[in-house]
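S.K.: my_file_12.txt is the file, holding compact mmCIF, C-alpha atoms:
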```
# COMPACT_ATOMS: atom_id res chain seq x y z
CA MET A 1 14.94 33.40 13.07
CA LEU A 2 16.21 36.05 15.43
CA VAL A 3 19.92 35.64 16.13
CA LEU A 4 21.48 37.36 19.15
CA THR A 5 25.07 37.30 20.35
CA ARG A 6 25.42 36.81 24.11
CA LYS A 7 28.40 36.37 26.41
CA VAL A 8 28.69 34.21 29.51
CA ASP A 9 26.34 35.45 32.26
CA GLU A 10 24.30 37.43 29.77
CA SER A 11 20.73 36.42 29.09
CA ILE A 12 17.71 36.96 26.90
CA MET A 13 14.09 37.37 27.93
CA ILE A 14 11.29 35.54 26.13
CA GLY A 15 8.08 37.34 26.96
CA ASP A 16 8.21 38.92 30.39
CA ASP A 17 8.74 35.84 32.50
CA THR A 18 11.12 33.46 30.75
CA GLU A 19 14.83 34.08 30.98
CA VAL A 20 17.56 32.12 29.21
CA THR A 21 21.08 32.70 30.52
CA VAL A 22 24.39 31.57 29.02
CA VAL A 23 26.00 29.85 32.02
CA GLU A 24 29.15 28.43 30.49
CA ILE A 25 30.82 28.01 27.10
CA LYS A 26 33.26 25.12 26.70
CA GLY A 27 34.51 24.16 23.23
CA ASP A 28 31.43 23.66 21.07
CA SER A 29 29.06 23.26 24.05
CA VAL A 30 26.99 26.01 25.57
CA LYS A 31 25.40 25.52 28.97
CA LEU A 32 22.11 27.39 29.26
CA GLY A 33 20.15 28.24 32.37
CA ILE A 34 16.42 28.62 31.91
CA SER A 35 14.18 30.27 34.42
CA ALA A 36 10.52 30.09 33.51
CA PRO A 37 7.12 29.94 35.22
CA ARG A 38 5.82 26.54 36.33
CA LYS A 39 3.44 26.26 33.41
CA ILE A 40 6.24 26.40 30.86
CA THR A 41 7.90 23.10 29.99
CA VAL A 42 11.36 23.02 28.52
CA HIS A 43 12.84 20.06 26.66
CA ARG A 44 15.83 19.26 24.54
CA LYS A 45 14.69 19.17 20.94
CA GLU A 46 16.19 15.75 20.12
CA ILE A 47 14.04 14.11 22.81
CA TYR A 48 10.96 15.72 21.39
CA LEU A 49 11.90 14.52 17.90
CA ALA A 50 12.66 10.99 19.13
CA ILE A 51 9.18 10.76 20.65
CA GLN A 52 7.63 12.16 17.49
CA HIS A 53 9.38 9.52 15.34
CA GLU A 54 8.41 6.73 17.71
CA ASN A 55 4.77 7.86 17.68
CA ILE A 56 4.74 7.69 13.88
CA TYR A 57 6.30 4.23 14.01
CA ALA A 58 3.87 3.09 16.73
CA SER A 59 0.87 4.28 14.69
CA LYS A 60 1.80 1.69 12.06
CA THR A 61 1.63 -1.26 14.47
CA ALA A 62 -0.27 -4.01 12.66
CA VAL A 63 -3.23 -5.44 14.52
CA ASP A 64 -2.54 -9.05 13.51
CA ARG A 65 0.93 -9.02 15.07
CA ILE A 66 -0.39 -8.29 18.51
CA ALA A 67 -2.39 -11.43 19.32
CA ARG A 68 0.68 -13.68 19.73
CA ILE A 69 2.67 -11.23 21.81
CA GLY A 70 -0.34 -10.36 23.99
CA GLY A 71 -0.60 -14.03 25.00
CA MET A 72 3.00 -14.02 26.21
CA LEU A 73 2.42 -11.02 28.43
CA LYS A 74 -0.74 -12.42 29.95
CA LYS A 75 1.03 -15.55 31.13
CA LYS A 76 3.34 -13.49 33.27
CA LYS A 77 0.65 -11.82 35.34
CA MET B 1 -22.66 5.29 19.21
CA LYS B 2 -20.98 3.30 16.47
CA LEU B 3 -17.35 3.99 15.64
CA LYS B 4 -15.18 2.63 12.87
CA THR B 5 -11.96 1.39 14.47
CA ARG B 6 -8.74 0.15 12.98
CA PRO B 7 -8.38 -2.95 15.16
CA TYR B 8 -11.99 -4.16 15.30
CA GLY B 9 -13.91 -2.53 12.46
CA GLU B 10 -17.20 -0.91 13.42
CA ILE B 11 -17.98 -1.29 17.12
CA GLU B 12 -20.18 0.32 19.75
CA VAL B 13 -18.40 2.93 21.91
CA HIS B 14 -19.56 5.03 24.85
CA ASP B 15 -18.86 8.59 25.89
CA LYS B 16 -17.00 7.38 28.97
CA GLN B 17 -14.36 5.87 26.66
CA LYS B 18 -13.64 9.27 25.14
CA VAL B 19 -10.24 10.85 25.83
CA HIS B 20 -9.42 14.40 24.81
CA PHE B 21 -5.86 15.52 24.10
CA PRO B 22 -6.00 19.36 23.90
CA GLU B 23 -2.55 19.38 22.23
CA GLY B 24 -2.82 16.04 20.44
CA LEU B 25 0.02 13.51 20.61
CA ILE B 26 3.54 14.64 19.68
CA GLY B 27 3.63 14.61 15.87
CA PHE B 28 -0.16 14.21 15.70
CA GLU B 29 -1.11 17.60 17.07
CA ARG B 30 -4.24 18.06 14.97
CA ILE B 31 -5.92 14.89 16.18
CA ARG B 32 -7.33 15.53 19.61
CA ASP B 33 -10.19 13.14 20.24
CA TYR B 34 -9.72 9.46 20.83
CA TYR B 35 -11.59 6.52 22.30
CA MET B 36 -9.94 4.04 24.67
CA LEU B 37 -10.81 0.48 23.73
CA ASP B 38 -10.00 -2.64 25.73
CA SER B 39 -7.75 -4.84 23.68
CA LYS B 40 -8.76 -8.39 22.95
CA GLU B 41 -5.13 -9.39 22.49
CA GLY B 42 -3.67 -9.11 25.98
CA PRO B 43 -3.00 -6.44 28.59
CA PHE B 44 -3.32 -3.58 26.11
CA TYR B 45 -5.67 -0.77 25.25
CA TRP B 46 -6.25 0.84 21.90
CA LEU B 47 -6.28 4.58 21.60
CA GLN B 48 -8.46 4.95 18.53
CA ALA B 49 -8.73 8.36 16.84
CA ALA B 50 -12.37 9.45 16.76
CA CYS B 51 -12.26 10.95 13.28
CA GLU B 52 -9.56 8.89 11.59
CA THR B 53 -10.29 5.20 11.40
CA GLU B 54 -6.78 4.34 10.31
CA LEU B 55 -5.11 6.02 13.28
CA ALA B 56 -4.85 3.95 16.44
CA PHE B 57 -2.14 3.51 19.05
CA LEU B 58 -1.57 0.51 21.29
CA LEU B 59 -1.18 1.38 24.98
CA ILE B 60 0.02 -0.60 27.97
CA ASP B 61 0.41 0.04 31.68
CA PRO B 62 4.21 -0.35 31.97
CA ARG B 63 3.80 -2.01 35.37
CA VAL B 64 2.49 -5.08 33.54
CA PHE B 65 6.01 -5.88 32.37
CA MET B 66 8.13 -3.78 34.74
CA GLU B 67 7.33 -3.93 38.43
CA ASP B 68 9.57 -1.03 39.43
CA TYR B 69 8.32 1.34 36.73
CA GLU B 70 8.02 4.92 37.90
CA LEU B 71 6.31 7.82 36.24
CA VAL B 72 8.68 10.76 36.74
CA VAL B 73 7.58 13.96 35.06
CA SER B 74 7.89 17.60 35.94
CA GLU B 75 4.97 19.19 37.72
CA SER B 76 4.45 21.67 34.89
CA GLU B 77 3.70 18.81 32.52
CA LEU B 78 0.81 17.64 34.68
CA LEU B 79 -0.71 21.08 35.36
CA PRO B 80 -2.90 21.07 32.22
CA LEU B 81 -4.63 17.94 33.51
CA LYS B 82 -5.96 19.90 36.51
CA LEU B 83 -5.77 16.87 38.78
CA GLU B 84 -7.66 17.15 42.05
CA THR B 85 -5.93 14.17 43.60
CA PRO B 86 -3.03 11.99 42.45
CA GLU B 87 -5.46 9.05 42.32
CA ASP B 88 -7.13 10.63 39.31
CA LEU B 89 -3.98 10.12 37.28
CA LEU B 90 -3.73 7.21 34.86
CA ASP B 91 -0.58 6.63 32.88
CA PHE B 92 0.31 4.46 29.93
CA ALA B 93 3.09 3.89 27.46
CA ILE B 94 2.59 3.68 23.70
CA VAL B 95 3.60 0.29 22.33
CA THR B 96 5.37 -0.35 19.03
CA VAL B 97 5.17 -3.79 17.46
CA PRO B 98 7.58 -4.05 14.51
CA ASP B 99 7.60 -6.79 11.85
CA ASP B 100 9.34 -9.09 14.30
CA PRO B 101 6.86 -9.10 17.21
CA SER B 102 9.54 -10.20 19.69
CA MET B 103 11.00 -6.72 19.28
CA ILE B 104 7.86 -5.24 20.87
CA SER B 105 8.76 -2.09 22.76
CA ALA B 106 7.14 0.56 24.90
CA ASN B 107 7.88 4.26 24.70
CA LEU B 108 8.74 5.03 28.32
CA MET B 109 10.24 8.37 27.39
CA GLY B 110 6.94 9.81 26.21
CA PRO B 111 4.22 8.43 28.50
CA VAL B 112 0.54 9.29 28.07
CA VAL B 113 -1.14 10.68 31.19
CA ILE B 114 -4.90 10.90 31.64
CA ASN B 115 -7.12 12.54 34.22
CA ARG B 116 -9.56 9.70 34.76
CA LYS B 117 -12.32 12.04 35.98
CA THR B 118 -12.27 14.58 33.15
CA ARG B 119 -10.62 12.26 30.58
CA VAL B 120 -8.29 15.05 29.54
CA ALA B 121 -4.95 13.64 28.47
CA ARG B 122 -1.56 14.57 27.14
CA GLN B 123 1.72 13.04 26.15
CA VAL B 124 4.51 14.10 28.48
CA ILE B 125 8.26 13.63 28.58
CA SER B 126 9.81 11.45 31.26
CA GLN B 127 12.53 12.90 33.46
CA LYS B 128 14.11 9.49 33.90
CA ASP B 129 17.07 9.24 31.58
CA THR B 130 17.17 5.43 31.72
CA TYR B 131 13.79 5.27 29.96
CA GLY B 132 14.01 5.23 26.18
CA VAL B 133 11.52 5.50 23.34
CA LYS B 134 12.05 1.81 22.50
CA HIS B 135 12.15 0.02 25.82
CA SER B 136 12.11 -3.70 25.00
CA ILE B 137 9.17 -5.36 26.74
CA LEU B 138 10.48 -8.92 26.43
CA GLU B 139 13.97 -7.96 27.64
CA GLU B 140 12.36 -6.33 30.64
CA ILE B 141 10.34 -9.47 31.43
CA LYS B 142 13.53 -11.54 31.15
CA ARG B 143 15.34 -9.18 33.50
CA GLU B 144 12.54 -9.37 36.04
CA SER B 145 12.35 -13.16 36.03
CA THR B 146 16.13 -13.38 36.51
CA THR B 147 15.95 -11.08 39.52
CA LEU B 148 13.14 -13.19 40.90
CA ALA B 149 15.15 -16.40 40.47
CA GLU B 150 18.07 -14.87 42.34
CA THR B 151 16.05 -13.85 45.36
CA CYS B 152 14.19 -17.17 45.66
```
Since I need it in another form, could you write the structure as structure tokens?
M.R.:
Amino acid sequence: MLVLTRKVDESIMIGDDTEVTVVEIKGDSVKLGISAPRKITVHRKEIYLAIQHENIYASKTAVDRIARIGGMLKKKK
Amino acid sequence: MKLKTRPYGEIEVHDKQKVHFPEGLIGFERIRDYYMLDSKEGPFYWLQAACETELAFLLIDPRVFMEDYELVVSESELLPLKLETPEDLLDFAIVTVPDDPSMISANLMGPVVINRKTRVARQVISQKDTYGVKHSILEEIKRESTTLAETC
């Protein structure tokens, strides 16, 4: 991993079109500003991991448990 | 063609049921080809991996249990789908059914979006911070029926 020290208002470039700027430092929190082209998506890592865990959990859904619950949903519509 | 599926064993599937995820699902990046199967168990669909019989996800249109559901994602997330019109967009949530089926939940934080014309799909991340990965489906139905009772 590349580790760089930056101060407030300083930034780093990733490639030639993505810029990450340190906007504010308060206690143990760092506020980052990210300016990137439209095609780049930026997410907080914990959200990504939460979805990953849920996908793994969802992939284990047992087929025989669904019949009962499916009936309940149908009634509503 | 015949396909071995986790929910229904070997069944006949058609090309039009094929869905391609160029990046896979989050955590399942290497598995890119799936078939969408109508579920026999209610308002669900199965997303069955083409090459791995044991891998299948249950999908639902969140509007089935949540009338005011909104898909809110950043434009960049939808660009890879190359949508010509918004009508070509289909969106689903992946459903988790734990040992206690009443705890059934939908992952509203990571919806699956599909271009219905090209059947290219991807899992995106919702921008709505009230949507979690384990949104209780039955709680949501309860909430909706209470609201209905109040307005009547």
S.K.: Considering only C-alpha atoms, return as a short mmCIF file (atom, residue, chain, number, x, y, z; two decimals) with C-alpha atoms, keeping the file's coordinate frame whatever protein or nucleic-acid residues lie within 9 Å of Val19 in chain B, sequence-local ones (same chain, fewer than 3 positions apart) excluded.
M.R.:
```cif
data_model
loop_
_atom_site.label_atom_id
_atom_site.label_comp_id
_atom_site.auth_asym_id
_atom_site.auth_seq_id
_atom_site.Cartn_x
_atom_site.Cartn_y
_atom_site.Cartn_z
CA ASP B 15 -18.86 8.59 25.89
CA LYS B 16 -17.00 7.38 28.97
CA ARG B 32 -7.33 15.53 19.61
CA ASP B 33 -10.19 13.14 20.24
CA TYR B 34 -9.72 9.46 20.83
CA TYR B 35 -11.59 6.52 22.30
CA MET B 36 -9.94 4.04 24.67
CA LEU B 47 -6.28 4.58 21.60
CA ILE B 114 -4.90 10.90 31.64
CA THR B 118 -12.27 14.58 33.15
CA ARG B 119 -10.62 12.26 30.58
CA VAL B 120 -8.29 15.05 29.54
CA ALA B 121 -4.95 13.64 28.47
#
```
S.K.: Using all atoms listed in the file, which chain A residues lie at most 10 Å away from chain B, written as a PyMOL selection string?
M.R.: chain A and resi 37-43+47-77
S.K.: Hey, what's within 10 Å of Asn115 in chain B if we count all atoms listed in the file and toss same-chain stuff fewer than 5 positions away? As a compact mmCIF listing (two decimals) with C-alpha atoms, in the frame of the given file, please?
M.R.:
```txt
# COMPACT_ATOMS: atom_id res chain seq x y z
CA VAL B 19 -10.24 10.85 25.83
CA HIS B 20 -9.42 14.40 24.81
CA LEU B 78 0.81 17.64 34.68
CA PRO B 80 -2.90 21.07 32.22
CA LEU B 81 -4.63 17.94 33.51
CA LYS B 82 -5.96 19.90 36.51
CA LEU B 83 -5.77 16.87 38.78
CA GLU B 84 -7.66 17.15 42.05
CA THR B 85 -5.93 14.17 43.60
CA PRO B 86 -3.03 11.99 42.45
CA GLU B 87 -5.46 9.05 42.32
CA ASP B 88 -7.13 10.63 39.31
CA LEU B 89 -3.98 10.12 37.28
CA LEU B 90 -3.73 7.21 34.86
CA ASP B 91 -0.58 6.63 32.88
CA VAL B 120 -8.29 15.05 29.54
CA ALA B 121 -4.95 13.64 28.47
CA ARG B 122 -1.56 14.57 27.14
```
S.K.: If we count all atoms listed in the file, what is near Gly33 in chain A at a cut-off of 7 Å, once residues fewer than 4 positions away on the same chain are taken out, given as a PyMOL selection string?
M.R.: chain A and resi 20-23
S.K.: Between B:Leu3, B:Val73, B:Phe92, B:Ile11, which has the minimum distance to Ala49 in chain B (counting only C-alpha atoms)?
M.R.: B:Leu3
S.K.: Just give me the gap between CA of Pro62 in chain B and CA of Arg44 in chain A in Å, one decimal is fine.
M.R.: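 Distance between the two atoms: 24.0 Å.
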S.K.: Have a look at CA of Lys4 in chain B and CA of Lys117 in chain B and let me know their distance in Å, one decimal.
M.R.: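 Spanning CA of Lys4 in chain B to CA of Lys117 in chain B is a straight-line distance of 25.1 Å.
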S.K.: If we draw a sphere of 10 Å around (24.0, 34.6, 27.7), which residues have at least one atom in it when counting all atoms listed in the file? Please report them as an mmCIF file with C-alpha atoms, keeping the file's coordinate frame.
M.R.:
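Final file, out00.cif:
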```cif
data_model
loop_
_atom_site.group_PDB
_atom_site.id
_atom_site.type_symbol
_atom_site.label_atom_id
_atom_site.label_comp_id
_atom_site.auth_asym_id
_atom_site.auth_seq_id
_atom_site.Cartn_x
_atom_site.Cartn_y
_atom_site.Cartn_z
ATOM 1 C CA LEU A 4 21.480 37.360 19.150
ATOM 2 C CA THR A 5 25.070 37.300 20.350
ATOM 3 C CA ARG A 6 25.420 36.810 24.110
ATOM 4 C CA LYS A 7 28.400 36.370 26.410
ATOM 5 C CA VAL A 8 28.690 34.210 29.510
ATOM 6 C CA ASP A 9 26.340 35.450 32.260
ATOM 7 C CA GLU A 10 24.300 37.430 29.770
ATOM 8 C CA SER A 11 20.730 36.420 29.090
ATOM 9 C CA ILE A 12 17.710 36.960 26.900
ATOM 10 C CA GLU A 19 14.830 34.080 30.980
ATOM 11 C CA VAL A 20 17.560 32.120 29.210
ATOM 12 C CA THR A 21 21.080 32.700 30.520
ATOM 13 C CA VAL A 22 24.390 31.570 29.020
ATOM 14 C CA VAL A 23 26.000 29.850 32.020
ATOM 15 C CA GLU A 24 29.150 28.430 30.490
ATOM 16 C CA ILE A 25 30.820 28.010 27.100
ATOM 17 C CA VAL A 30 26.990 26.010 25.570
ATOM 18 C CA LYS A 31 25.400 25.520 28.970
ATOM 19 C CA LEU A 32 22.110 27.390 29.260
ATOM 20 C CA GLY A 33 20.150 28.240 32.370
#
```
S.K.: Using only C-alpha atoms, which protein or nucleic acid residues come within 9 Å of Asp17 in chain A? Drop anything in the same chain fewer than 2 positions from it, and give the result as a list of chain:residue names.
M.R.: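 In the requested form, the answer reads A:Met13, A:Ile14, A:Gly15, A:Glu19, A:Ser35, A:Ala36, A:Pro37.
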S.K.: Record the distance separating CA of Leu71 in chain B and CA of Thr18 in chain A, expressed in Å with one decimal.
M.R.: 26.7 Å
S.K.: Need a file for range 71-114 of chain B from that block: N, CA and C atoms, written as a compact mmCIF listing (two decimals), in the first residue's frame.
M.R.:
```txt
# COMPACT_ATOMS: atom_id res chain seq x y z
N LEU B 71 -36.13 3.61 -6.45
CA LEU B 71 -34.76 3.26 -6.80
C LEU B 71 -33.98 4.56 -6.95
N VAL B 72 -33.03 4.79 -6.04
CA VAL B 72 -32.23 6.01 -6.11
C VAL B 72 -30.76 5.61 -6.21
N VAL B 73 -30.20 5.73 -7.39
CA VAL B 73 -28.79 5.38 -7.57
C VAL B 73 -28.12 6.47 -8.39
N SER B 74 -26.82 6.56 -8.27
CA SER B 74 -26.13 7.61 -9.02
C SER B 74 -26.08 7.21 -10.50
N GLU B 75 -26.07 8.23 -11.32
CA GLU B 75 -26.10 8.02 -12.77
C GLU B 75 -24.94 7.13 -13.23
N SER B 76 -23.79 7.32 -12.59
CA SER B 76 -22.61 6.55 -13.02
C SER B 76 -22.82 5.05 -12.85
N GLU B 77 -23.65 4.68 -11.90
CA GLU B 77 -23.89 3.26 -11.65
C GLU B 77 -24.72 2.63 -12.77
N LEU B 78 -25.52 3.48 -13.43
CA LEU B 78 -26.39 2.93 -14.48
C LEU B 78 -25.74 3.00 -15.86
N LEU B 79 -24.67 3.79 -16.00
CA LEU B 79 -24.04 3.96 -17.31
C LEU B 79 -23.67 2.64 -17.99
N PRO B 80 -23.11 1.67 -17.24
CA PRO B 80 -22.71 0.42 -17.91
C PRO B 80 -23.89 -0.34 -18.54
N LEU B 81 -25.11 -0.02 -18.13
CA LEU B 81 -26.26 -0.72 -18.70
C LEU B 81 -26.61 -0.18 -20.08
N LYS B 82 -26.08 0.99 -20.42
CA LYS B 82 -26.34 1.62 -21.73
C LYS B 82 -27.83 1.65 -22.05
N LEU B 83 -28.59 2.21 -21.14
CA LEU B 83 -30.05 2.28 -21.33
C LEU B 83 -30.40 3.30 -22.40
N GLU B 84 -31.30 2.91 -23.31
CA GLU B 84 -31.75 3.88 -24.31
C GLU B 84 -32.89 4.72 -23.75
N THR B 85 -33.76 4.09 -23.02
CA THR B 85 -34.84 4.83 -22.36
C THR B 85 -34.98 4.28 -20.94
N PRO B 86 -35.53 5.11 -20.03
CA PRO B 86 -35.70 4.64 -18.65
C PRO B 86 -36.63 3.43 -18.56
N GLU B 87 -37.50 3.28 -19.58
CA GLU B 87 -38.44 2.15 -19.55
C GLU B 87 -37.72 0.81 -19.68
N ASP B 88 -36.50 0.84 -20.18
CA ASP B 88 -35.77 -0.42 -20.35
C ASP B 88 -35.19 -0.93 -19.04
N LEU B 89 -35.33 -0.13 -17.99
CA LEU B 89 -34.73 -0.49 -16.71
C LEU B 89 -35.67 -1.34 -15.86
N LEU B 90 -35.19 -2.49 -15.44
CA LEU B 90 -35.90 -3.31 -14.46
C LEU B 90 -35.07 -3.31 -13.19
N ASP B 91 -35.74 -3.31 -12.03
CA ASP B 91 -34.94 -3.37 -10.81
C ASP B 91 -35.56 -4.30 -9.79
N PHE B 92 -34.70 -4.99 -9.07
CA PHE B 92 -35.13 -5.98 -8.10
C PHE B 92 -34.28 -5.86 -6.84
N ALA B 93 -34.78 -6.48 -5.78
CA ALA B 93 -33.96 -6.60 -4.57
C ALA B 93 -33.72 -8.09 -4.33
N ILE B 94 -32.56 -8.42 -3.78
CA ILE B 94 -32.26 -9.80 -3.43
C ILE B 94 -32.89 -10.09 -2.07
N VAL B 95 -33.55 -11.23 -1.99
CA VAL B 95 -34.29 -11.61 -0.78
C VAL B 95 -33.47 -12.62 0.03
N THR B 96 -33.48 -12.44 1.35
CA THR B 96 -32.87 -13.42 2.25
C THR B 96 -33.98 -14.04 3.09
N VAL B 97 -34.04 -15.34 3.12
CA VAL B 97 -34.99 -16.04 3.99
C VAL B 97 -34.19 -16.84 5.01
N PRO B 98 -34.14 -16.36 6.26
CA PRO B 98 -33.36 -17.10 7.27
C PRO B 98 -34.17 -18.28 7.80
N ASP B 99 -33.63 -18.97 8.83
CA ASP B 99 -34.30 -20.16 9.37
C ASP B 99 -35.73 -19.85 9.79
N ASP B 100 -35.92 -18.68 10.39
CA ASP B 100 -37.28 -18.26 10.72
C ASP B 100 -37.82 -17.44 9.54
N PRO B 101 -38.72 -18.03 8.73
CA PRO B 101 -39.12 -17.36 7.49
C PRO B 101 -39.82 -16.02 7.73
N SER B 102 -40.33 -15.77 8.95
CA SER B 102 -40.99 -14.49 9.18
C SER B 102 -39.97 -13.34 9.19
N MET B 103 -38.69 -13.71 9.29
CA MET B 103 -37.63 -12.69 9.26
C MET B 103 -37.18 -12.40 7.82
N ILE B 104 -37.97 -12.80 6.86
CA ILE B 104 -37.63 -12.58 5.45
C ILE B 104 -37.31 -11.10 5.22
N SER B 105 -36.22 -10.85 4.51
CA SER B 105 -35.82 -9.47 4.28
C SER B 105 -35.35 -9.27 2.84
N ALA B 106 -35.38 -8.02 2.43
CA ALA B 106 -34.91 -7.68 1.09
C ALA B 106 -33.73 -6.72 1.22
N ASN B 107 -32.76 -6.90 0.38
CA ASN B 107 -31.59 -6.03 0.40
C ASN B 107 -31.87 -4.81 -0.48
N LEU B 108 -32.35 -3.75 0.16
CA LEU B 108 -32.69 -2.54 -0.59
C LEU B 108 -31.47 -1.64 -0.79
N MET B 109 -30.39 -1.99 -0.09
CA MET B 109 -29.18 -1.18 -0.22
C MET B 109 -28.39 -1.55 -1.48
N GLY B 110 -28.54 -2.81 -1.88
CA GLY B 110 -27.80 -3.26 -3.07
C GLY B 110 -28.73 -3.83 -4.13
N PRO B 111 -29.56 -2.96 -4.75
CA PRO B 111 -30.51 -3.48 -5.74
C PRO B 111 -29.83 -4.01 -7.00
N VAL B 112 -30.54 -4.89 -7.69
CA VAL B 112 -30.06 -5.42 -8.98
C VAL B 112 -30.81 -4.69 -10.08
N VAL B 113 -30.08 -4.11 -11.01
CA VAL B 113 -30.72 -3.41 -12.13
C VAL B 113 -30.41 -4.15 -13.43
N ILE B 114 -31.41 -4.19 -14.30
CA ILE B 114 -31.27 -4.96 -15.55
C ILE B 114 -31.77 -4.12 -16.72
```
